[in-house]
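Asker: Have a peek at upload-v1.tsv (TSV, C-alpha atoms).
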```tsv
chain	number	residue	atom	x	y	z
A	1	SER	CA	134.80	182.29	77.91
A	2	VAL	CA	136.07	178.99	76.61
A	3	VAL	CA	138.49	177.86	73.91
A	4	TYR	CA	138.31	174.37	72.46
A	5	VAL	CA	141.69	173.03	71.35
A	6	VAL	CA	141.04	170.20	68.89
A	7	ASP	CA	143.45	167.61	67.53
A	8	ALA	CA	143.06	167.65	63.72
A	9	SER	CA	146.19	165.63	62.93
A	10	GLY	CA	146.30	162.72	60.50
A	11	PRO	CA	145.81	159.99	63.12
A	12	MET	CA	142.44	161.59	63.99
A	13	VAL	CA	140.92	160.53	60.65
A	14	THR	CA	138.55	157.99	62.25
A	15	THR	CA	137.95	159.94	65.47
A	16	LEU	CA	137.59	163.54	64.29
A	17	PRO	CA	133.90	163.22	63.31
A	18	ARG	CA	133.06	162.16	66.87
A	19	VAL	CA	135.19	164.93	68.37
A	20	VAL	CA	133.48	167.49	66.11
A	21	GLU	CA	130.09	166.17	67.19
A	22	GLU	CA	131.03	166.68	70.86
A	23	LEU	CA	132.44	170.13	70.05
A	24	ARG	CA	129.19	171.19	68.36
A	25	ARG	CA	127.11	169.82	71.21
A	26	SER	CA	129.12	171.78	73.75
A	27	ILE	CA	129.06	175.03	71.76
A	28	ASP	CA	125.33	174.69	71.11
A	29	GLN	CA	124.81	174.82	74.88
A	30	LEU	CA	126.61	178.16	75.20
A	31	ASP	CA	124.55	181.26	75.82
A	32	PRO	CA	125.04	184.32	73.55
A	33	ALA	CA	126.50	186.16	76.56
A	34	GLN	CA	129.37	183.65	76.58
A	35	LYS	CA	132.40	183.79	74.29
A	36	PHE	CA	134.19	180.92	72.60
A	37	GLY	CA	137.06	180.09	70.32
A	38	VAL	CA	138.29	177.01	68.50
A	39	VAL	CA	141.92	176.16	67.76
A	40	LEU	CA	142.88	173.17	65.62
A	41	PHE	CA	146.30	171.70	66.17
A	42	ARG	CA	148.26	169.81	63.56
A	43	GLN	CA	151.66	170.26	62.00
A	44	ALA	CA	151.20	170.31	58.23
A	45	ASP	CA	152.89	172.03	55.31
A	46	GLY	CA	155.36	173.93	57.50
A	47	GLY	CA	152.61	175.87	59.28
A	48	THR	CA	152.59	177.05	62.88
A	49	GLY	CA	150.84	173.94	64.11
A	50	ALA	CA	147.65	175.80	65.08
A	51	GLU	CA	144.68	177.20	63.14
A	52	LEU	CA	142.14	179.56	64.65
A	53	PHE	CA	138.43	179.69	63.85
A	54	ALA	CA	138.56	183.43	64.55
A	55	PRO	CA	141.40	185.68	65.78
A	56	VAL	CA	139.32	186.77	68.81
A	57	LEU	CA	136.82	185.10	71.09
A	58	MET	CA	133.34	185.18	69.53
A	59	ARG	CA	130.00	185.65	71.27
A	60	ALA	CA	128.06	182.37	71.09
A	61	THR	CA	125.35	183.80	68.84
A	62	PRO	CA	123.40	181.64	66.40
A	63	SER	CA	125.31	183.19	63.48
A	64	ALA	CA	128.72	182.51	65.08
A	65	LYS	CA	127.68	178.92	65.73
A	66	ARG	CA	126.61	178.55	62.07
A	67	ARG	CA	129.94	180.01	60.90
A	68	LEU	CA	131.80	177.55	63.09
A	69	ALA	CA	129.78	174.62	61.72
A	70	GLU	CA	130.64	175.65	58.14
A	71	TRP	CA	134.31	176.07	59.00
A	72	ILE	CA	134.68	172.83	60.95
A	73	ASN	CA	132.87	170.82	58.23
A	74	GLY	CA	135.72	171.63	55.85
A	75	VAL	CA	138.45	170.38	58.18
A	76	GLN	CA	140.34	167.30	57.02
A	77	PRO	CA	142.72	165.56	59.42
A	78	MET	CA	146.35	165.81	58.28
A	79	GLY	CA	149.90	166.13	59.50
A	80	ALA	CA	151.46	165.36	62.84
A	81	SER	CA	150.04	166.25	66.23
A	82	ASN	CA	151.35	169.46	67.79
A	83	PRO	CA	149.16	170.04	70.88
A	84	LEU	CA	151.46	172.47	72.67
A	85	SER	CA	151.14	174.94	69.75
A	86	GLY	CA	147.35	174.74	70.05
A	87	LEU	CA	147.47	175.35	73.80
A	88	GLU	CA	149.82	178.32	73.36
A	89	VAL	CA	147.41	179.97	70.89
A	90	ALA	CA	144.41	179.20	73.11
A	91	LEU	CA	146.01	180.62	76.26
A	92	ALA	CA	146.99	183.80	74.39
A	93	LEU	CA	143.23	184.47	73.97
A	94	LYS	CA	143.00	184.59	77.81
A	95	PRO	CA	139.86	182.47	78.21
A	96	ASP	CA	138.40	181.34	81.52
A	97	ALA	CA	138.64	177.70	80.38
A	98	VAL	CA	140.32	175.56	77.73
A	99	PHE	CA	139.08	172.15	76.65
A	100	LEU	CA	141.81	170.05	75.02
A	101	LEU	CA	140.15	167.39	72.83
A	102	SER	CA	142.24	164.55	71.44
A	103	ARG	CA	142.74	160.88	70.99
A	104	SER	CA	145.88	159.15	72.21
A	105	ILE	CA	148.70	161.64	71.78
A	106	ALA	CA	151.15	158.74	71.54
A	107	ARG	CA	149.44	157.65	68.30
A	108	SER	CA	149.83	161.14	66.90
A	109	GLY	CA	153.56	160.80	66.38
A	110	GLY	CA	154.63	163.01	69.27
A	111	GLY	CA	155.28	160.35	71.91
A	112	VAL	CA	154.99	162.41	75.08
A	113	TRP	CA	154.79	165.52	72.87
A	114	GLN	CA	157.84	167.10	71.33
A	115	GLU	CA	158.93	168.84	74.54
A	116	GLY	CA	158.53	165.69	76.66
A	117	LEU	CA	156.40	165.47	79.78
A	118	GLU	CA	158.44	167.79	82.02
A	119	GLY	CA	159.21	170.27	79.23
A	120	THR	CA	155.55	170.52	78.26
A	121	LEU	CA	154.43	170.98	81.85
A	122	ALA	CA	157.13	173.62	82.40
A	123	ARG	CA	156.01	175.51	79.28
A	124	LEU	CA	152.37	175.41	80.42
A	125	GLU	CA	153.45	176.54	83.89
A	126	GLY	CA	154.95	179.65	82.31
A	127	LEU	CA	151.87	180.27	80.15
A	128	ASN	CA	149.32	179.62	82.90
A	129	PRO	CA	151.01	180.09	86.29
A	130	PRO	CA	149.14	179.75	89.58
A	131	ARG	CA	147.99	182.98	91.21
A	132	GLN	CA	148.55	183.76	94.89
A	133	ASP	CA	145.40	181.83	95.80
A	134	GLY	CA	146.78	178.74	94.03
A	135	ARG	CA	144.21	178.86	91.23
A	136	ARG	CA	145.15	179.53	87.63
A	137	ALA	CA	143.81	182.25	85.34
A	138	THR	CA	142.67	179.56	82.88
A	139	LEU	CA	141.24	176.19	83.80
A	140	ILE	CA	142.45	173.49	81.39
A	141	GLN	CA	140.29	170.38	81.02
A	142	THR	CA	141.76	167.51	78.99
A	143	ILE	CA	139.34	165.18	77.24
A	144	GLN	CA	140.70	162.00	75.74
A	145	PHE	CA	138.56	160.06	73.26
A	146	LEU	CA	138.24	156.26	73.28
A	147	ASP	CA	141.35	155.28	75.27
A	148	ASP	CA	143.30	156.55	78.27
A	149	ASP	CA	146.39	158.55	77.37
A	150	PRO	CA	149.22	156.02	77.78
A	151	THR	CA	151.82	158.78	78.13
A	152	GLY	CA	150.20	160.35	81.20
A	153	ILE	CA	150.58	163.87	79.86
A	154	MET	CA	146.86	164.56	79.40
A	155	GLN	CA	146.27	163.38	82.98
A	156	ALA	CA	149.14	165.55	84.28
A	157	ILE	CA	147.85	168.67	82.52
A	158	GLY	CA	144.32	168.02	83.79
A	159	SER	CA	145.58	167.52	87.31
A	160	ARG	CA	147.79	170.61	87.43
A	161	HIS	CA	145.70	173.00	85.35
A	162	GLY	CA	142.21	171.59	85.85
A	163	GLN	CA	142.22	171.91	89.61
A	164	GLY	CA	142.70	168.22	90.24
A	165	SER	CA	139.90	166.72	88.19
A	166	GLY	CA	140.60	168.08	84.75
A	167	TYR	CA	140.99	164.79	82.84
A	168	ARG	CA	138.38	162.46	81.49
A	169	VAL	CA	137.99	159.78	78.85
A	170	VAL	CA	134.99	159.70	76.50
A	171	ARG	CA	134.46	156.18	75.22
```
Turn the structure described in the file into structure tokens.
Answerer:
Amino acid sequence: SVVYVVDASGPMVTTLPRVVEELRRSIDQLDPAQKFGVVLFRQADGGTGAELFAPVLMRATPSAKRRLAEWINGVQPMGASNPLSGLEVALALKPDAVFLLSRSIARSGGGVWQEGLEGTLARLEGLNPPRQDGRRATLIQTIQFLDDDPTGIMQAIGSRHGQGSGYRVVR
């Protein structure tokens, strides 16, 4: 099972179409035996900072993929970036993997996120602690679009929660 955590904040206005294209491509490759979820993160209108496609993980059936396409087509970037809220919602679904998709968090108004680098990593440590074998229940892969994350937080999350190689840049 996989949950895609997608930055839908205002600064994503030029990048969101490309991110959505990559999201669709990835979900189209899922087999109906697999489950998926999508969480959008953005702080707008006093909301929680995260919006779910569905409250539970969905089987990757053709109809679920069509429903996702309809839902995601209506998304307009707005508000400030709030990635930690998106990750919290995603991890609560207890997936095998999370893909965090964003463009430079620093541009999104959060600097090194609201909690700061160490605070964010500590929060994620509590949400996704290592098991006795050193592995985590959920693998977190961070995917940065266009530019490297200048804050280092996406790299740090990918390193700690993606088993060392959980960060990449898509140019």
Asker: Find the residue from A:Ala54, A:Ala69, A:Leu16, A:Val6 that sits nearest to Asp28 (chain A); use all atoms listed in the file when measuring.
Answerer: A:Ala69
Asker: When you draw a straight line from CA of Gly49 (chain A) to CA of Thr138 (chain A), how long is it in Å?
Answerer: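 Separation of CA of Gly49 (chain A) and CA of Thr138 (chain A): 21.2 Å.
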Asker: Extract, using all atoms listed in the file, all DNA, RNA and protein residues at most 6 Å from Ala80 (chain A), discarding same-chain residues fewer than 4 positions from it, and format them as number ranges by chain.
Answerer: A: 9, 42-43
Asker: Looking at only C-alpha atoms, which of A:Gly126, A:Gly74, A:Gly166, A:Gly119 is the one that sits closest to Thr142 (chain A)?
Answerer: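 Selected residue with least distance to Thr142 (chain A): A:Gly166.
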Asker: List the spatial neighbours of region 32-41 of chain A as a list of chain:residue names - criterion: any atom at most 7 Å away, all atoms listed in the file, same-chain residues fewer than 2 positions off excluded.
Answerer: A:Ser1, A:Val2, A:Val3, A:Tyr4, A:Val5, A:Val6, A:Asp7, A:Ala8, A:Ser9, A:Leu30, A:Gln43, A:Gly49, A:Ala50, A:Glu51, A:Leu52, A:Phe53, A:Ala54, A:Leu57, A:Met58, A:Arg59, A:Ala60, A:Thr61, A:Ser81, A:Asn82, A:Pro83, A:Ser85, A:Gly86, A:Ala90
